[in-house]
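**Q** One file is attached below, coords-v1.cif, containing mmCIF, C-alpha atoms, pLDDT in the B column; chains and numbers go by the auth columns.
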```cif
data_structure
loop_
_atom_site.group_PDB
_atom_site.id
_atom_site.type_symbol
_atom_site.label_atom_id
_atom_site.label_comp_id
_atom_site.label_asym_id
_atom_site.label_seq_id
_atom_site.Cartn_x
_atom_site.Cartn_y
_atom_site.Cartn_z
_atom_site.B_iso_or_equiv
_atom_site.auth_seq_id
_atom_site.auth_asym_id
ATOM 1 C CA MET A 1 12.801 -38.979 102.275 94.00 1 U
ATOM 2 C CA ARG A 2 15.981 -40.981 101.772 94.00 2 U
ATOM 3 C CA LEU A 3 16.916 -43.096 98.773 95.00 3 U
ATOM 4 C CA ASN A 4 19.338 -45.961 99.378 93.00 4 U
ATOM 5 C CA TRP A 5 21.706 -47.895 97.114 93.00 5 U
ATOM 6 C CA PRO A 6 23.570 -50.962 98.350 94.00 6 U
ATOM 7 C CA SER A 7 26.764 -50.406 96.346 93.00 7 U
ATOM 8 C CA PRO A 8 28.898 -47.768 94.594 94.00 8 U
ATOM 9 C CA ALA A 9 27.925 -46.569 91.115 95.00 9 U
ATOM 10 C CA GLN A 10 29.515 -48.433 88.232 93.00 10 U
ATOM 11 C CA GLU A 11 28.387 -45.885 85.624 94.00 11 U
ATOM 12 C CA TRP A 12 27.176 -42.285 85.469 93.00 12 U
ATOM 13 C CA THR A 13 23.461 -43.160 85.515 94.00 13 U
ATOM 14 C CA GLU A 14 23.926 -44.890 88.882 95.00 14 U
ATOM 15 C CA ALA A 15 25.744 -41.939 90.514 96.00 15 U
ATOM 16 C CA LEU A 16 23.855 -39.718 92.976 96.00 16 U
ATOM 17 C CA PRO A 17 23.280 -36.028 92.167 96.00 17 U
ATOM 18 C CA VAL A 18 24.017 -33.106 94.480 97.00 18 U
ATOM 19 C CA GLY A 19 23.808 -29.447 93.547 95.00 19 U
ATOM 20 C CA ASN A 20 22.788 -25.897 94.323 93.00 20 U
ATOM 21 C CA GLY A 21 21.473 -24.718 90.949 88.00 21 U
ATOM 22 C CA ARG A 22 24.844 -23.434 89.729 88.00 22 U
ATOM 23 C CA LEU A 23 27.259 -26.089 90.921 91.00 23 U
ATOM 24 C CA GLY A 24 26.425 -29.761 90.606 93.00 24 U
ATOM 25 C CA ALA A 25 28.091 -33.129 90.976 95.00 25 U
ATOM 26 C CA MET A 26 27.476 -36.812 90.436 96.00 26 U
ATOM 27 C CA VAL A 27 28.767 -38.889 93.360 97.00 27 U
ATOM 28 C CA PHE A 28 29.882 -42.411 92.472 97.00 28 U
ATOM 29 C CA GLY A 29 31.051 -43.576 95.922 94.00 29 U
ATOM 30 C CA GLY A 30 33.066 -46.608 96.938 93.00 30 U
ATOM 31 C CA ALA A 31 36.336 -47.335 98.709 92.00 31 U
ATOM 32 C CA GLY A 32 39.594 -47.291 96.796 94.00 32 U
ATOM 33 C CA ARG A 33 39.555 -44.649 94.033 95.00 33 U
ATOM 34 C CA SER A 34 36.137 -42.950 93.896 95.00 34 U
ATOM 35 C CA ARG A 35 34.880 -40.265 91.560 96.00 35 U
ATOM 36 C CA VAL A 36 32.860 -37.095 92.052 96.00 36 U
ATOM 37 C CA GLN A 37 32.114 -35.581 88.626 95.00 37 U
ATOM 38 C CA VAL A 38 31.694 -31.808 89.030 93.00 38 U
ATOM 39 C CA ASN A 39 29.917 -29.377 86.732 91.00 39 U
ATOM 40 C CA ASP A 40 29.305 -25.639 86.861 88.00 40 U
ATOM 41 C CA ALA A 41 26.583 -23.705 85.037 82.00 41 U
ATOM 42 C CA THR A 42 29.214 -21.431 83.492 79.00 42 U
ATOM 43 C CA VAL A 43 30.994 -24.269 81.657 80.00 43 U
ATOM 44 C CA TRP A 44 29.443 -24.552 78.202 74.00 44 U
ATOM 45 C CA SER A 45 30.432 -25.001 74.578 71.00 45 U
ATOM 46 C CA GLY A 46 30.747 -22.102 72.195 68.00 46 U
ATOM 47 C CA THR A 47 32.461 -18.747 72.367 69.00 47 U
ATOM 48 C CA ALA A 48 32.319 -16.041 74.999 69.00 48 U
ATOM 49 C CA ASP A 49 30.201 -13.758 72.795 75.00 49 U
ATOM 50 C CA GLY A 50 27.997 -16.590 71.485 74.00 50 U
ATOM 51 C CA PRO A 51 25.001 -16.036 73.790 72.00 51 U
ATOM 52 C CA SER A 52 24.901 -12.272 73.244 79.00 52 U
ATOM 53 C CA ARG A 53 25.132 -12.661 69.450 82.00 53 U
ATOM 54 C CA ALA A 54 22.410 -15.341 69.463 80.00 54 U
ATOM 55 C CA LEU A 55 20.141 -13.137 71.609 82.00 55 U
ATOM 56 C CA ALA A 56 20.656 -10.193 69.256 88.00 56 U
ATOM 57 C CA ASP A 57 19.677 -12.404 66.299 87.00 57 U
ATOM 58 C CA VAL A 58 16.552 -13.681 68.075 86.00 58 U
ATOM 59 C CA LEU A 59 15.462 -10.146 68.954 89.00 59 U
ATOM 60 C CA ALA A 60 16.134 -9.005 65.377 90.00 60 U
ATOM 61 C CA ALA A 61 13.839 -11.828 64.174 87.00 61 U
ATOM 62 C CA GLY A 62 10.981 -10.286 66.157 89.00 62 U
ATOM 63 C CA ALA A 63 11.068 -12.109 69.485 90.00 63 U
ATOM 64 C CA GLY A 64 9.869 -10.005 72.367 90.00 64 U
ATOM 65 C CA PRO A 65 6.808 -9.066 74.418 93.00 65 U
ATOM 66 C CA GLU A 66 4.708 -8.120 71.395 94.00 66 U
ATOM 67 C CA ARG A 67 5.440 -11.423 69.647 94.00 67 U
ATOM 68 C CA LEU A 68 4.614 -13.326 72.849 94.00 68 U
ATOM 69 C CA ALA A 69 1.249 -11.541 72.969 96.00 69 U
ATOM 70 C CA GLU A 70 0.639 -12.696 69.382 96.00 70 U
ATOM 71 C CA VAL A 71 1.512 -16.278 70.362 96.00 71 U
ATOM 72 C CA ARG A 72 -0.916 -16.181 73.276 96.00 72 U
ATOM 73 C CA ALA A 73 -3.690 -14.753 71.083 97.00 73 U
ATOM 74 C CA ALA A 74 -3.136 -17.506 68.508 97.00 74 U
ATOM 75 C CA ILE A 75 -3.315 -20.180 71.229 96.00 75 U
ATOM 76 C CA PHE A 76 -6.486 -18.726 72.739 96.00 76 U
ATOM 77 C CA SER A 77 -8.108 -18.569 69.303 97.00 77 U
ATOM 78 C CA GLY A 78 -7.174 -22.203 68.652 97.00 78 U
ATOM 79 C CA ASP A 79 -4.715 -21.464 65.825 96.00 79 U
ATOM 80 C CA LEU A 80 -1.935 -23.708 67.120 96.00 80 U
ATOM 81 C CA GLN A 81 -0.034 -23.794 63.829 96.00 81 U
ATOM 82 C CA ARG A 82 0.262 -19.985 63.828 96.00 82 U
ATOM 83 C CA ALA A 83 1.347 -20.070 67.493 95.00 83 U
ATOM 84 C CA THR A 84 4.016 -22.638 66.614 94.00 84 U
ATOM 85 C CA ASP A 85 5.249 -20.567 63.664 93.00 85 U
ATOM 86 C CA LEU A 86 5.418 -17.419 65.809 94.00 86 U
ATOM 87 C CA LEU A 87 7.279 -19.263 68.580 91.00 87 U
ATOM 88 C CA MET A 88 10.020 -20.204 66.119 89.00 88 U
ATOM 89 C CA SER A 89 11.195 -16.574 66.221 87.00 89 U
ATOM 90 C CA PHE A 90 12.279 -17.250 69.828 86.00 90 U
ATOM 91 C CA GLU A 91 14.584 -20.079 68.694 84.00 91 U
ATOM 92 C CA GLY A 92 18.265 -19.434 68.078 75.00 92 U
ATOM 93 C CA PRO A 93 20.280 -21.199 65.371 68.00 93 U
ATOM 94 C CA TYR A 94 21.689 -23.745 67.848 63.00 94 U
ATOM 95 C CA SER A 95 21.919 -24.290 71.546 62.00 95 U
ATOM 96 C CA GLN A 96 25.111 -24.534 73.489 64.00 96 U
ATOM 97 C CA THR A 97 25.658 -27.509 75.734 69.00 97 U
ATOM 98 C CA PHE A 98 27.153 -27.950 79.160 69.00 98 U
ATOM 99 C CA LEU A 99 30.539 -29.617 79.226 73.00 99 U
ATOM 100 C CA PRO A 100 32.020 -31.874 81.897 79.00 100 U
ATOM 101 C CA TYR A 101 34.151 -29.629 84.098 87.00 101 U
ATOM 102 C CA VAL A 102 36.348 -31.626 86.475 91.00 102 U
ATOM 103 C CA ASP A 103 36.518 -34.995 88.138 92.00 103 U
ATOM 104 C CA LEU A 104 37.451 -35.034 91.805 93.00 104 U
ATOM 105 C CA TRP A 105 39.132 -38.364 92.539 95.00 105 U
ATOM 106 C CA ILE A 106 39.335 -39.397 96.199 95.00 106 U
ATOM 107 C CA THR A 107 41.552 -42.398 96.827 95.00 107 U
ATOM 108 C CA LEU A 108 41.166 -44.266 100.103 95.00 108 U
ATOM 109 C CA PRO A 109 42.578 -47.702 100.917 95.00 109 U
ATOM 110 C CA ASP A 110 40.565 -50.622 99.553 95.00 110 U
ATOM 111 C CA GLY A 111 37.573 -51.535 101.646 94.00 111 U
ATOM 112 C CA VAL A 112 33.884 -52.281 101.541 94.00 112 U
ATOM 113 C CA SER A 113 31.029 -49.852 100.938 94.00 113 U
ATOM 114 C CA GLN A 114 28.076 -50.397 103.254 93.00 114 U
ATOM 115 C CA GLY A 115 25.839 -48.497 100.823 93.00 115 U
ATOM 116 C CA ARG A 116 24.996 -44.974 99.744 96.00 116 U
ATOM 117 C CA THR A 117 22.104 -42.730 100.762 97.00 117 U
ATOM 118 C CA LEU A 118 20.727 -39.581 99.136 97.00 118 U
ATOM 119 C CA ASP A 119 18.677 -37.480 101.549 97.00 119 U
ATOM 120 C CA LEU A 120 16.209 -35.594 99.340 96.00 120 U
ATOM 121 C CA ARG A 121 15.410 -33.061 102.086 95.00 121 U
ATOM 122 C CA THR A 122 19.026 -31.976 102.679 96.00 122 U
ATOM 123 C CA GLY A 123 20.613 -32.932 99.341 96.00 123 U
ATOM 124 C CA VAL A 124 23.419 -34.804 101.113 98.00 124 U
ATOM 125 C CA VAL A 125 24.917 -38.072 99.868 98.00 125 U
ATOM 126 C CA THR A 126 26.184 -40.234 102.729 98.00 126 U
ATOM 127 C CA GLU A 127 28.275 -43.378 102.416 97.00 127 U
ATOM 128 C CA HIS A 128 29.501 -45.722 105.119 96.00 128 U
ATOM 129 C CA LEU A 129 32.750 -47.563 104.391 96.00 129 U
ATOM 130 C CA THR A 130 34.661 -50.256 106.227 96.00 130 U
ATOM 131 C CA ILE A 131 38.393 -49.951 105.557 95.00 131 U
ATOM 132 C CA GLY A 132 40.386 -52.509 107.473 92.00 132 U
ATOM 133 C CA ALA A 133 39.257 -52.149 111.074 92.00 133 U
ATOM 134 C CA ASN A 134 38.145 -48.547 110.533 93.00 134 U
ATOM 135 C CA GLU A 135 34.638 -47.254 109.932 95.00 135 U
ATOM 136 C CA VAL A 136 34.671 -44.259 107.596 96.00 136 U
ATOM 137 C CA LEU A 137 31.808 -41.882 106.853 97.00 137 U
ATOM 138 C CA ARG A 138 31.867 -39.798 103.655 97.00 138 U
ATOM 139 C CA ARG A 139 29.302 -37.063 103.010 98.00 139 U
ATOM 140 C CA VAL A 140 29.040 -34.937 99.848 97.00 140 U
ATOM 141 C CA TRP A 141 26.795 -31.903 99.313 97.00 141 U
ATOM 142 C CA ALA A 142 26.728 -28.520 97.597 95.00 142 U
ATOM 143 C CA SER A 143 26.580 -25.463 99.843 94.00 143 U
ATOM 144 C CA GLU A 144 25.551 -22.087 98.449 91.00 144 U
ATOM 145 C CA THR A 145 29.079 -21.516 97.139 90.00 145 U
ATOM 146 C CA ALA A 146 31.056 -24.781 97.103 91.00 146 U
ATOM 147 C CA LEU A 147 31.039 -28.515 96.685 93.00 147 U
ATOM 148 C CA CYS A 148 31.722 -30.036 100.096 95.00 148 U
ATOM 149 C CA VAL A 149 33.232 -33.441 100.829 95.00 149 U
ATOM 150 C CA GLU A 150 33.513 -34.521 104.458 96.00 150 U
ATOM 151 C CA ILE A 151 35.409 -37.674 105.399 96.00 151 U
ATOM 152 C CA ILE A 152 35.203 -38.810 109.009 96.00 152 U
ATOM 153 C CA GLY A 153 37.571 -41.591 110.030 94.00 153 U
ATOM 154 C CA VAL A 154 41.244 -42.306 110.338 90.00 154 U
ATOM 155 C CA VAL A 155 42.507 -43.392 106.932 92.00 155 U
ATOM 156 C CA PRO A 156 45.102 -42.102 104.510 93.00 156 U
ATOM 157 C CA LEU A 157 43.689 -40.411 101.443 92.00 157 U
ATOM 158 C CA ASP A 158 44.808 -38.847 98.216 92.00 158 U
ATOM 159 C CA VAL A 159 42.900 -36.220 96.245 92.00 159 U
ATOM 160 C CA GLU A 160 43.303 -35.450 92.537 91.00 160 U
ATOM 161 C CA LEU A 161 41.534 -33.229 90.004 89.00 161 U
ATOM 162 C CA THR A 162 41.346 -34.146 86.317 89.00 162 U
ATOM 163 C CA THR A 163 39.503 -32.513 83.435 87.00 163 U
ATOM 164 C CA PRO A 164 38.625 -33.376 79.850 85.00 164 U
ATOM 165 C CA LEU A 165 38.986 -29.675 79.003 82.00 165 U
ATOM 166 C CA ARG A 166 42.157 -27.838 78.016 79.00 166 U
ATOM 167 C CA LYS A 167 44.434 -27.490 81.051 78.00 167 U
ATOM 168 C CA VAL A 168 46.231 -24.163 81.388 79.00 168 U
ATOM 169 C CA SER A 169 48.167 -24.996 84.556 81.00 169 U
ATOM 170 C CA ARG A 170 48.241 -27.387 87.478 81.00 170 U
ATOM 171 C CA GLU A 171 49.862 -26.985 90.873 81.00 171 U
ATOM 172 C CA GLY A 172 48.840 -29.328 93.686 75.00 172 U
ATOM 173 C CA LEU A 173 45.044 -29.160 93.967 72.00 173 U
ATOM 174 C CA SER A 174 44.911 -25.995 91.871 79.00 174 U
ATOM 175 C CA LEU A 175 43.796 -26.719 88.322 78.00 175 U
ATOM 176 C CA VAL A 176 43.218 -23.946 85.785 81.00 176 U
ATOM 177 C CA VAL A 177 41.217 -24.877 82.679 78.00 177 U
ATOM 178 C CA ASP A 178 40.370 -22.937 79.543 74.00 178 U
ATOM 179 C CA ILE A 179 36.581 -22.649 79.174 72.00 179 U
#
```
So, in terms of structure tokens, how does the structure I just supplied come out?

**A**
Amino acid sequence: MRLNWPSPAQEWTEALPVGNGRLGAMVFGGAGRSRVQVNDATVWSGTADGPSRALADVLAAGAGPERLAEVRAAIFSGDLQRATDLLMSFEGPYSQTFLPYVDLWITLPDGVSQGRTLDLRTGVVTEHLTIGANEVLRRVWASETALCVEIIGVVPLDVELTTPLRKVSREGLSLVVDI
């Protein structure tokens, strides 16, 4: 099944998702300067020891296989309030959130987008562009290990990485961020 859009995304909710479960991106498309917003499952708010401390607290509050058995028994007996109260021991004090990681900016000459397609079977976003007299095909997908961007056509391009996070260093396409 393929989903089609006639024009590039103007905002995040119109961008097309690609991902592999760990690495994901929202593909905006378009000629000129286009954006691919990239995220990684390891980029989250909090401190490095936050998850382990929160897990220790949850376990200390009684969460575990025995408590889950109590929850199930309460549900089967119809005591949903008790099940709810018992389930609260599995809750930590807060949850950490994913943060935007990097934006990949691909700048091509100005042109016209012929539309974007998301193939739900392959997870590939395809866009056809007309730039001057040239037809350009751009495909974006996530492999098992990397975000892939393929551009087929003869056009000059520029690539840039930006991040809202704290930059440690930048050299060419190498960007080191503090997460």

**Q** Between U:Val27, U:Ala41, U:Leu118, U:Met88, which residue has the minimum interatomic distance to U:Trp5, considering only C-alpha atoms?

**A**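 Under the stated criterion, the closest residue is U:Leu118.
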
**Q** Using the chain letters and residue numbers of this document, give as a list in words the residues selected by the PyMOL selection byres ((chain U and resi 9) around 10).

**A** Trp5, Pro6, Ser7, Pro8, Gln10, Glu11, Trp12, Thr13, Glu14, Ala15, Leu16, Met26, Val27, Phe28, Gly29, Gly30, Ser34, Arg35 and Arg116 of chain U

**Q** Which residue, U:Val43, U:Leu68, U:Val58, U:Val136, has the smallest gap to U:Asp178 when you use all atoms listed in the file?

**A**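 Looking at the shortest contact to U:Asp178, the residue is U:Val43.
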
**Q** Measuring atom to atom with all atoms listed in the file, identify which of U:Leu104, U:Val112, U:Ile152, U:Val125 is nearest to U:Leu137.

**A** U:Ile152

**Q** Mind pulling up the distance from atom CA of U:Ser113 to atom CA of U:Asn39?

**A**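 Between atom CA of U:Asn39 and atom CA of U:Ser113 the gap is 24.9 Å.
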
**Q** How many Å lie between atom CA of U:Gly132 and atom CA of U:Val149, rounded to one decimal?

**A**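 Atom-to-atom, atom CA of U:Gly132 to atom CA of U:Val149, that is 21.4 Å.
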